[in-house]
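*Asks:* Just dropping this structure here.
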Amino acid sequence: MDTKELRILFVVDAIKGRNGVGAYFQDLVSHLKDHVAQVELVQPCMEEPHPCQGASMPIPGDPTQRLFFPKVRELSALVWEMKPHVIVIPGPGIFSMIGYWIARKWGIPVCVTFQTDYNRLVELYWGRRLARLAGGLLNWVNRTLFQGSETAATICESMIAQARAAGARNPQLVGTPLAREFVNTPVTRLHDSVRRVCYVGRLAAEKNIESFLALAAARPDLQFEVAGDGPLRGKVEQACKQSDNLTFHGWCSRQQVVEILDRCQVLVLPSSVEAFGTVALEAMARERLVITTPACGINEWPALAAGLWIMEPQESLNQTLDRLQSLSPVVRELKAKQARQAALAMNRDAIEHWAGVLGQCAQMAPAANRSLPSPTLALLRRLSSNYARSAL
């Protein structure tokens, strides 16, 4: 099938613009509009609720996030009217699982994305015993989705083997697109000296924000900025009260993030769990210097890794920053320019590759009908309809 004829529906649980997964699909859909006949994104939004978005409840332990319930009838009507060639879902979630069930019932090919190492995340939040139970449930759901889909898309090489082991058919490695603000806004020249360092992202355990705060405390000669929101917001606000060189902005729009990156020289991504690290790619697109930990999946892309400062084993953030500062301004600027070119190339290739993967998926016959077991479906429908009505 010609890519220009494709109709693609994305059904995503992550809140639009509030985390990496949510931003990923928001950006991808905006670019695919120029490459396919029709593309629609069903995704919860805090500012402008989607018509298929129902009631919500706070996520325990993180008041900055909410669990949204889809309106099954409205989502079914959208699929019936649109008649998509492919439905794309990003792993476990109520929206995703309802979208998967609709696709299986109506014989629509499914592309599942694999962008999060759930086992490592649940260990961070729930401890080993509960993590074993939660991880087992998530792995079961993942296997169900993988085995019943036509394609699985991952964003780093190491996750392909995990997807294949979980039963994924035809796993594909895809790149990460960039929001237009990071590509089209004129770039400001990198300053000759390192004066300002920033962190942009969720304030959560897996991001290891404590190491960034420790870096700010150890370097009173530099200015540090934090943009984001999450369960560790209080820790960041407390650190700001104790440090004159640390500024907290809270959650920021895309344009505000561009402005923060442009006035800083270095972005730090100190994550202990990070499937890719889109903000690092965004900083590279703004021609800025980027420090990552070995845990970041962006390091697995050789062209991008050449534009990063990856922490060495046993090296602290302060030592990595010293290593970066020890280079001449000419060398730093050259690396920043190379980083931007690599980021722009990734953006172009990601869109083209995604279009190809979706075109291939559309031509595949749906897998044997391995729909969600009826008790699971009944629970999901009850959560998304009866519960939602009572919550309104």
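Chains: A, B, ... in order of the structure tokens. Residues: from 1 per chain. Ligands: from 1, in order shown.
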Which segment 249-368 of chain A residues have any atom within 7 Å of an atom of segment 182-204 of chain A, and for each, what is the nearest pair of atoms with distance in Å to one decimal, counting only C-alpha atoms, rows sorted by chain and number, as a tab-separated table?

*Replies:*
residue	atom	partner	partner_atom	distance
A:Val258	CA	A:Phe182	CA	6.5
A:Asp262	CA	A:Thr188	CA	6.4
A:Cys264	CA	A:Arg196	CA	4.7
A:Gln265	CA	A:Arg196	CA	5.7
A:Val266	CA	A:Val197	CA	4.8
A:Leu267	CA	A:Cys198	CA	4.9
A:Val268	CA	A:Tyr199	CA	5.5
A:Leu269	CA	A:Tyr199	CA	6.6
A:Val279	CA	A:Val200	CA	6.9
A:Glu282	CA	A:Phe182	CA	6.2
A:Ala285	CA	A:Phe182	CA	6.2
A:Arg286	CA	A:Val187	CA	6.0
A:Arg288	CA	A:Leu190	CA	6.8
A:Gln325	CA	A:Val194	CA	6.8
A:Pro329	CA	A:Asp192	CA	5.0
A:Glu333	CA	A:Leu190	CA	6.4

*Asks:* Among segment 31-249 of chain A, which ones does DSSP assign to strand (DSSP E) (computed from the backbone)? Answer as a PDB file with C-alpha atoms, in the first residue's frame.

*Replies:*
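Resulting contents of selection_34.pdb:
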ATOM      1  CA  GLN A  38      -5.057  10.599   7.731  1.00  0.00           C
ATOM      2  CA  VAL A  39      -3.591  10.256  11.198  1.00  0.00           C
ATOM      3  CA  GLU A  40      -5.454  10.670  14.472  1.00  0.00           C
ATOM      4  CA  LEU A  41      -4.179  10.718  18.047  1.00  0.00           C
ATOM      5  CA  VAL A  42      -6.394   9.634  20.942  1.00  0.00           C
ATOM      6  CA  GLN A  53     -11.219  11.021  27.255  1.00  0.00           C
ATOM      7  CA  GLY A  54     -13.351  10.152  30.290  1.00  0.00           C
ATOM      8  CA  ALA A  55     -12.990  10.675  34.021  1.00  0.00           C
ATOM      9  CA  SER A  56      -9.674  10.299  35.821  1.00  0.00           C
ATOM     10  CA  MET A  57      -8.167   9.528  39.183  1.00  0.00           C
ATOM     11  CA  PRO A  58      -4.822  10.573  40.734  1.00  0.00           C
ATOM     12  CA  ILE A  59      -1.983   8.088  40.511  1.00  0.00           C
ATOM     13  CA  ASP A  62       2.429  11.103  42.143  1.00  0.00           C
ATOM     14  CA  PRO A  63      -0.159  13.909  42.402  1.00  0.00           C
ATOM     15  CA  THR A  64       1.210  15.458  39.180  1.00  0.00           C
ATOM     16  CA  GLN A  65      -0.068  12.502  37.104  1.00  0.00           C
ATOM     17  CA  ARG A  66      -3.568  11.117  36.587  1.00  0.00           C
ATOM     18  CA  LEU A  67      -4.954   7.841  35.299  1.00  0.00           C
ATOM     19  CA  PHE A  68      -7.549   8.577  32.625  1.00  0.00           C
ATOM     20  CA  PHE A  69     -10.357   6.282  31.528  1.00  0.00           C
ATOM     21  CA  PRO A  70     -11.408   6.201  27.877  1.00  0.00           C
ATOM     22  CA  VAL A  86      -3.267   0.352  11.482  1.00  0.00           C
ATOM     23  CA  ILE A  87      -3.857   1.062  15.185  1.00  0.00           C
ATOM     24  CA  VAL A  88      -0.722   1.948  17.155  1.00  0.00           C
ATOM     25  CA  ILE A  89      -0.623   1.423  20.933  1.00  0.00           C
ATOM     26  CA  VAL A 110      -1.798  -3.514  15.394  1.00  0.00           C
ATOM     27  CA  CYS A 111       1.611  -1.964  15.971  1.00  0.00           C
ATOM     28  CA  VAL A 112       2.736  -2.070  19.618  1.00  0.00           C
ATOM     29  CA  THR A 113       5.586   0.151  20.771  1.00  0.00           C
ATOM     30  CA  PHE A 114       8.044  -0.878  23.464  1.00  0.00           C
ATOM     31  CA  THR A 151       4.613  -5.285  14.473  1.00  0.00           C
ATOM     32  CA  ALA A 152       6.494  -4.112  17.556  1.00  0.00           C
ATOM     33  CA  ALA A 153       8.491  -0.872  17.397  1.00  0.00           C
ATOM     34  CA  THR A 154      11.309  -0.108  19.848  1.00  0.00           C
ATOM     35  CA  PRO A 171      10.259  -6.093  15.933  1.00  0.00           C
ATOM     36  CA  GLN A 172      11.510  -2.881  14.327  1.00  0.00           C
ATOM     37  CA  LEU A 173      13.981  -0.255  15.523  1.00  0.00           C
ATOM     38  CA  ARG A 196      24.562  27.651  32.988  1.00  0.00           C
ATOM     39  CA  VAL A 197      23.554  23.982  33.297  1.00  0.00           C
ATOM     40  CA  CYS A 198      19.991  22.642  33.137  1.00  0.00           C
ATOM     41  CA  TYR A 199      17.837  19.600  33.737  1.00  0.00           C
ATOM     42  CA  VAL A 200      14.531  19.183  31.880  1.00  0.00           C
ATOM     43  CA  GLN A 223      23.990  28.613  37.565  1.00  0.00           C
ATOM     44  CA  PHE A 224      21.579  25.640  37.429  1.00  0.00           C
ATOM     45  CA  GLU A 225      17.990  25.453  36.164  1.00  0.00           C
ATOM     46  CA  VAL A 226      15.362  22.731  36.583  1.00  0.00           C
ATOM     47  CA  ALA A 227      12.217  22.440  34.434  1.00  0.00           C
ATOM     48  CA  LEU A 246      19.515  26.895  41.542  1.00  0.00           C
ATOM     49  CA  THR A 247      16.275  27.984  39.811  1.00  0.00           C
ATOM     50  CA  PHE A 248      13.106  25.891  39.503  1.00  0.00           C
TER      51      PHE A 248
END

*Asks:* Residues at most 6 Å from segment 304-313 of chain A, counting only C-alpha atoms, excluding those fewer than 2 positions away in the same chain, as a PyMOL selection string?

*Replies:* chain A and resi 290-293+299+301-302+315+320+335+339+342

*Asks:* Keeping only N, CA, C and O atoms, write the selected residues to a file as a short mmCIF file (atom, residue, chain, number, x, y, z; two decimals), in the first residue's frame.

*Replies:*
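So the final result, stored in out.cif, reads:
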data_model
loop_
_atom_site.label_atom_id
_atom_site.label_comp_id
_atom_site.auth_asym_id
_atom_site.auth_seq_id
_atom_site.Cartn_x
_atom_site.Cartn_y
_atom_site.Cartn_z
N VAL A 290 25.53 18.02 25.90
CA VAL A 290 24.66 17.11 26.65
C VAL A 290 25.50 16.07 27.39
O VAL A 290 26.35 15.41 26.79
N ILE A 291 25.21 15.92 28.69
CA ILE A 291 25.82 14.87 29.51
C ILE A 291 24.76 13.81 29.79
O ILE A 291 23.66 14.14 30.24
N THR A 292 25.08 12.55 29.51
CA THR A 292 24.16 11.45 29.80
C THR A 292 24.86 10.40 30.67
O THR A 292 26.09 10.33 30.72
N THR A 293 24.05 9.57 31.33
CA THR A 293 24.58 8.43 32.07
C THR A 293 24.60 7.22 31.12
O THR A 293 23.92 7.21 30.09
N ASN A 299 22.40 6.65 23.93
CA ASN A 299 23.81 6.30 23.74
C ASN A 299 24.00 5.16 22.74
O ASN A 299 25.08 4.98 22.19
N TRP A 301 22.70 4.81 19.86
CA TRP A 301 22.69 5.27 18.47
C TRP A 301 24.06 5.91 18.20
O TRP A 301 24.33 7.01 18.67
N PRO A 302 24.94 5.24 17.45
CA PRO A 302 26.32 5.73 17.27
C PRO A 302 26.41 7.17 16.79
O PRO A 302 27.25 7.93 17.29
N GLU A 315 32.56 7.54 37.33
CA GLU A 315 32.75 8.98 37.21
C GLU A 315 31.53 9.71 37.76
O GLU A 315 30.39 9.30 37.53
N THR A 320 32.51 14.59 35.07
CA THR A 320 32.16 14.64 33.64
C THR A 320 32.08 16.09 33.18
O THR A 320 32.53 16.43 32.09
N LYS A 335 31.60 20.23 18.44
CA LYS A 335 30.81 19.07 18.85
C LYS A 335 29.33 19.41 18.92
O LYS A 335 28.46 18.60 18.56
N ALA A 339 26.38 17.70 16.85
CA ALA A 339 25.24 17.13 17.57
C ALA A 339 23.93 17.57 16.92
O ALA A 339 22.99 16.77 16.76
N ALA A 342 23.33 15.65 13.71
CA ALA A 342 22.93 14.27 13.99
C ALA A 342 21.48 14.21 14.46
O ALA A 342 20.73 13.30 14.08
#

*Asks:* Write out as an MDAnalysis selection string which residues come within 9 Å of Ser271 of chain A when counting only C-alpha atoms, dropping same-chain ones fewer than 3 positions away.

*Replies:* chainID A and resid 205:209 274 277 292:296

*Asks:* Among the residues of segment 147-390 of chain A, find those DSSP assigns to alpha helix (DSSP H) from the backbone and print them as number ranges by chain.

*Replies:* A: 147, 158-165, 180-184, 209-218, 233-242, 254-263, 278-285, 302-305, 317-325, 329-362, 374-382, 388-390

*Asks:* Hey, can you spit out that residue selection with C-alpha atoms as an mmCIF file, in the first residue's frame?

*Replies:*
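Wrote out-v7.cif, looks like this:
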data_model
loop_
_atom_site.group_PDB
_atom_site.id
_atom_site.type_symbol
_atom_site.label_atom_id
_atom_site.label_comp_id
_atom_site.auth_asym_id
_atom_site.auth_seq_id
_atom_site.Cartn_x
_atom_site.Cartn_y
_atom_site.Cartn_z
ATOM 1 C CA GLN A 147 1.710 -11.939 20.403
ATOM 2 C CA SER A 158 18.780 -3.364 23.533
ATOM 3 C CA MET A 159 14.982 -3.488 23.717
ATOM 4 C CA ILE A 160 14.593 -5.462 20.484
ATOM 5 C CA ALA A 161 15.833 -8.645 22.157
ATOM 6 C CA GLN A 162 13.473 -8.049 25.100
ATOM 7 C CA ALA A 163 10.528 -7.583 22.740
ATOM 8 C CA ARG A 164 11.416 -10.693 20.742
ATOM 9 C CA ALA A 165 11.760 -12.755 23.945
ATOM 10 C CA ARG A 180 8.976 21.533 15.307
ATOM 11 C CA GLU A 181 9.940 24.179 17.885
ATOM 12 C CA PHE A 182 13.311 22.496 18.428
ATOM 13 C CA VAL A 183 13.998 22.201 14.700
ATOM 14 C CA ASN A 184 12.628 25.423 13.235
ATOM 15 C CA ILE A 209 17.380 14.180 40.036
ATOM 16 C CA GLU A 210 19.240 14.022 43.369
ATOM 17 C CA SER A 211 22.563 13.766 41.521
ATOM 18 C CA PHE A 212 21.766 16.954 39.601
ATOM 19 C CA LEU A 213 20.915 18.781 42.830
ATOM 20 C CA ALA A 214 24.181 17.541 44.329
ATOM 21 C CA LEU A 215 26.050 18.871 41.296
ATOM 22 C CA ALA A 216 24.439 22.294 41.788
ATOM 23 C CA ALA A 217 25.475 22.308 45.456
ATOM 24 C CA ALA A 218 29.055 21.339 44.538
ATOM 25 C CA ARG A 233 9.058 18.366 43.190
ATOM 26 C CA GLY A 234 9.252 19.084 46.927
ATOM 27 C CA LYS A 235 12.864 17.931 47.036
ATOM 28 C CA VAL A 236 13.770 20.315 44.205
ATOM 29 C CA GLU A 237 11.950 23.233 45.830
ATOM 30 C CA GLN A 238 13.755 22.564 49.109
ATOM 31 C CA ALA A 239 17.126 22.505 47.325
ATOM 32 C CA CYS A 240 16.307 25.857 45.704
ATOM 33 C CA LYS A 241 15.797 27.398 49.146
ATOM 34 C CA GLN A 242 19.253 26.222 50.184
ATOM 35 C CA ARG A 254 7.783 23.426 24.437
ATOM 36 C CA GLN A 255 8.651 27.028 23.637
ATOM 37 C CA GLN A 256 9.731 27.653 27.225
ATOM 38 C CA VAL A 257 11.990 24.580 27.078
ATOM 39 C CA VAL A 258 13.581 25.948 23.904
ATOM 40 C CA GLU A 259 14.297 29.220 25.727
ATOM 41 C CA ILE A 260 15.830 27.410 28.721
ATOM 42 C CA LEU A 261 18.073 25.283 26.508
ATOM 43 C CA ASP A 262 19.140 28.301 24.467
ATOM 44 C CA ARG A 263 20.320 30.300 27.483
ATOM 45 C CA THR A 278 14.192 12.627 24.103
ATOM 46 C CA VAL A 279 15.231 15.784 25.950
ATOM 47 C CA ALA A 280 18.873 14.979 25.149
ATOM 48 C CA LEU A 281 17.963 14.881 21.455
ATOM 49 C CA GLU A 282 16.104 18.185 21.835
ATOM 50 C CA ALA A 283 19.145 19.827 23.428
ATOM 51 C CA MET A 284 21.345 18.485 20.633
ATOM 52 C CA ALA A 285 18.952 20.011 18.100
ATOM 53 C CA PRO A 302 26.321 5.727 17.269
ATOM 54 C CA ALA A 303 25.659 8.929 15.309
ATOM 55 C CA LEU A 304 24.023 10.524 18.348
ATOM 56 C CA ALA A 305 26.529 9.166 20.878
ATOM 57 C CA LEU A 317 28.621 14.284 37.246
ATOM 58 C CA ASN A 318 31.066 16.872 38.520
ATOM 59 C CA GLN A 319 33.995 14.985 36.968
ATOM 60 C CA THR A 320 32.157 14.644 33.643
ATOM 61 C CA LEU A 321 31.391 18.350 33.668
ATOM 62 C CA ASP A 322 35.075 19.089 34.406
ATOM 63 C CA ARG A 323 36.042 16.910 31.450
ATOM 64 C CA LEU A 324 33.680 18.858 29.213
ATOM 65 C CA GLN A 325 34.919 22.229 30.488
ATOM 66 C CA PRO A 329 35.583 26.611 23.188
ATOM 67 C CA VAL A 330 36.320 25.742 19.538
ATOM 68 C CA VAL A 331 36.127 21.998 20.220
ATOM 69 C CA ARG A 332 32.943 22.347 22.272
ATOM 70 C CA GLU A 333 31.265 24.433 19.572
ATOM 71 C CA LEU A 334 32.289 21.952 16.867
ATOM 72 C CA LYS A 335 30.813 19.071 18.847
ATOM 73 C CA ALA A 336 27.605 21.038 19.465
ATOM 74 C CA LYS A 337 27.216 21.711 15.726
ATOM 75 C CA GLN A 338 27.818 18.050 14.929
ATOM 76 C CA ALA A 339 25.238 17.128 17.568
ATOM 77 C CA ARG A 340 22.605 19.330 15.903
ATOM 78 C CA GLN A 341 23.225 17.772 12.505
ATOM 79 C CA ALA A 342 22.934 14.270 13.992
ATOM 80 C CA ALA A 343 19.680 15.214 15.770
ATOM 81 C CA LEU A 344 18.155 16.643 12.586
ATOM 82 C CA ALA A 345 19.168 13.520 10.666
ATOM 83 C CA MET A 346 17.530 11.358 13.354
ATOM 84 C CA ASN A 347 14.341 13.415 13.041
ATOM 85 C CA ARG A 348 14.185 12.945 9.254
ATOM 86 C CA ASP A 349 15.022 9.251 9.381
ATOM 87 C CA ALA A 350 12.556 8.566 12.211
ATOM 88 C CA ILE A 351 9.611 9.966 10.271
ATOM 89 C CA GLU A 352 10.533 8.110 7.074
ATOM 90 C CA HIS A 353 11.147 4.847 8.920
ATOM 91 C CA TRP A 354 7.895 5.111 10.879
ATOM 92 C CA ALA A 355 5.978 5.650 7.629
ATOM 93 C CA GLY A 356 7.620 2.533 6.192
ATOM 94 C CA VAL A 357 6.917 0.409 9.281
ATOM 95 C CA LEU A 358 3.263 1.456 9.304
ATOM 96 C CA GLY A 359 2.910 0.795 5.575
ATOM 97 C CA GLN A 360 4.347 -2.700 6.034
ATOM 98 C CA CYS A 361 2.131 -3.333 9.066
ATOM 99 C CA ALA A 362 -1.003 -2.311 7.121
ATOM 100 C CA SER A 374 -13.395 -11.806 28.693
ATOM 101 C CA PRO A 375 -12.947 -11.141 32.454
ATOM 102 C CA THR A 376 -10.157 -8.661 31.667
ATOM 103 C CA LEU A 377 -12.266 -6.974 29.009
ATOM 104 C CA ALA A 378 -15.246 -6.794 31.328
ATOM 105 C CA LEU A 379 -13.101 -5.142 33.989
ATOM 106 C CA LEU A 380 -11.681 -2.616 31.522
ATOM 107 C CA ARG A 381 -15.107 -1.697 30.185
ATOM 108 C CA ARG A 382 -16.477 -1.350 33.709
ATOM 109 C CA ALA A 388 -16.197 7.061 34.895
ATOM 110 C CA ARG A 389 -19.889 7.969 35.168
ATOM 111 C CA SER A 390 -19.853 7.686 38.945
#

*Asks:* In terms of the shortest atom-to-atom distance over only C-alpha atoms, which of A:Phe276, A:Leu145, A:Ile298, A:Trp106 is closest to Ala365 of chain A?

*Replies:*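 Closest to Ala365 of chain A, using only C-alpha atoms: A:Trp106.
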
*Asks:* Interatomic distance between atom CA of Arg7 of chain A and atom CA of Leu32 of chain A?

*Replies:* 10.4 Å

*Asks:* Any idea what's packed within 12 Å of Cys52 of chain A, counting only C-alpha atoms, ignoring anything in its chain fewer than 2 positions away? Could you give it as number ranges by chain?

*Replies:* A: 11-13, 40-45, 48-50, 54-55, 68-79, 95, 98-99, 384-385, 388

*Asks:* Return the single residue from A:Gly148, A:Arg143, A:Gly17, A:His85 that is closest to Trp101 of chain A, with distances computed using only C-alpha atoms.

*Replies:*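 Ranked by minimum distance to Trp101 of chain A, first place goes to A:Gly148.
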
*Asks:* What is the atom CA of Asn245 of chain A to atom CA of Arg219 of chain A distance in Å?

*Replies:*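 Atom-to-atom, atom CA of Asn245 of chain A to atom CA of Arg219 of chain A, that is 8.6 Å.
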
*Asks:* Taking into account only C-alpha atoms, which residue in the set A:Ala179, A:Ile94, A:Leu138, A:Ile108 is nearest to Ser253 of chain A?

*Replies:*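 Smallest distance to Ser253 of chain A is found for A:Ala179.
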